[in-house]
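One structure below.
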Amino acid sequence: MHWSVTHLLFGDRYKTFRFRAAFVLYVLIVVLGSIPGARADVGRVASGLVLHGLAYSIITFLLFTGSNGHPTGKALRAWLSVAIMGALDEFAQSFFPYRNAAVGDWAVDVAASFFTVFLLWIFSLKNTPTDSLQHDKKVGGE
């Protein structure tokens with residue numbers, strides 16, 4: 001059997017893995033972000049804007065490619081899920097005295113997710129036959 005990165009990232013065989021990986025990554029973000037000093041240490045390497053944007057874009061990608069359905073439904077579900085995840089992450093941060101919840105961080109999460117899901121949606125629409133085209137092929141082929 002031939003294995004490739006494309007199959008891992010987009011293939012149906014790994015959909016469940018990608019969907020679950022999105023939630024594992026989210027839990028890791030929340031848990032590791034709760035460790036005192038961890039965020040400050042990571043902040044030396046990348047800004048909060050970059051960290052939030054990249055992390056939630058990856059989660060969006062994993063949710064979108066790990067779910068079934070029409071690209072529009074997948075896009076909406078992934079985007080709304082990330083919006084909720086980002087809000088819960090900021091809410092959890094409000095309980096730690098060494099962290100602070102920021103609406104700006106949540107806005108970056110949502111914007112990064114929207115950008116990612118928009119690109120995935122366009123790509124998926126170009127590669128997904130529509131129901132009307134399928135119907136036309138059936139009617140024309142009879």
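Here, A, B, ... name the chains of the structure tokens in the order displayed, residue numbers run from 1 inside each chain, and ligands are numbered from 1 in the same displayed order.
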
Determine, using only C-alpha atoms, which residues of range 68-141 of chain A have any atom at most 9 Å from an atom of range 39-49 of chain A, and tabulate each with its shortest atom pair and distance in Å to one decimal place, rows ordered by chain and then rising number, as JSON lines.
{"residue": "A:Arg99", "atom": "CA", "partner": "A:Arg39", "partner_atom": "CA", "distance": 8.6}
{"residue": "A:Asp105", "atom": "CA", "partner": "A:Leu49", "partner_atom": "CA", "distance": 7.2}
{"residue": "A:Val108", "atom": "CA", "partner": "A:Leu49", "partner_atom": "CA", "distance": 6.7}
{"residue": "A:Asp109", "atom": "CA", "partner": "A:Leu49", "partner_atom": "CA", "distance": 8.8}

Task: Test item: residues at most 12 Å from Phe115 in chain A, only C-alpha atoms, excluding those fewer than 4 positions along its chain, as a PyMOL selection string - done: chain A and resi 53-54+56-58+60-61+75+78-79+108-111+119-122

Hey, which bits of range 67-139 of chain A sit within 7 Å of range 17-37 of chain A, and for each residue what's the closest pair of atoms and how far apart in Å (one decimal), counting only C-alpha atoms, rows by chain and increasing number, as CSV?
residue,atom,partner,partner_atom,distance
A:Ser67,CA,A:Phe19,CA,6.6
A:Asp89,CA,A:Val30,CA,6.0
A:Tyr98,CA,A:Pro36,CA,6.9

Open item on the list: Which residues are close to Phe91 in chain A, i.e. within 10 Å by only C-alpha atoms, leaving aside same-chain residues fewer than 5 positions away? Reply as a ChimeraX atom specification.
Closed with: /A:85-86,96,100-103,106

Open item on the list: I'd like to know which of A:Leu51, A:Thr65, A:Phe114, A:Gln93 is closest to Leu80 in chain A, using only C-alpha atoms.
Closed with: A:Phe114
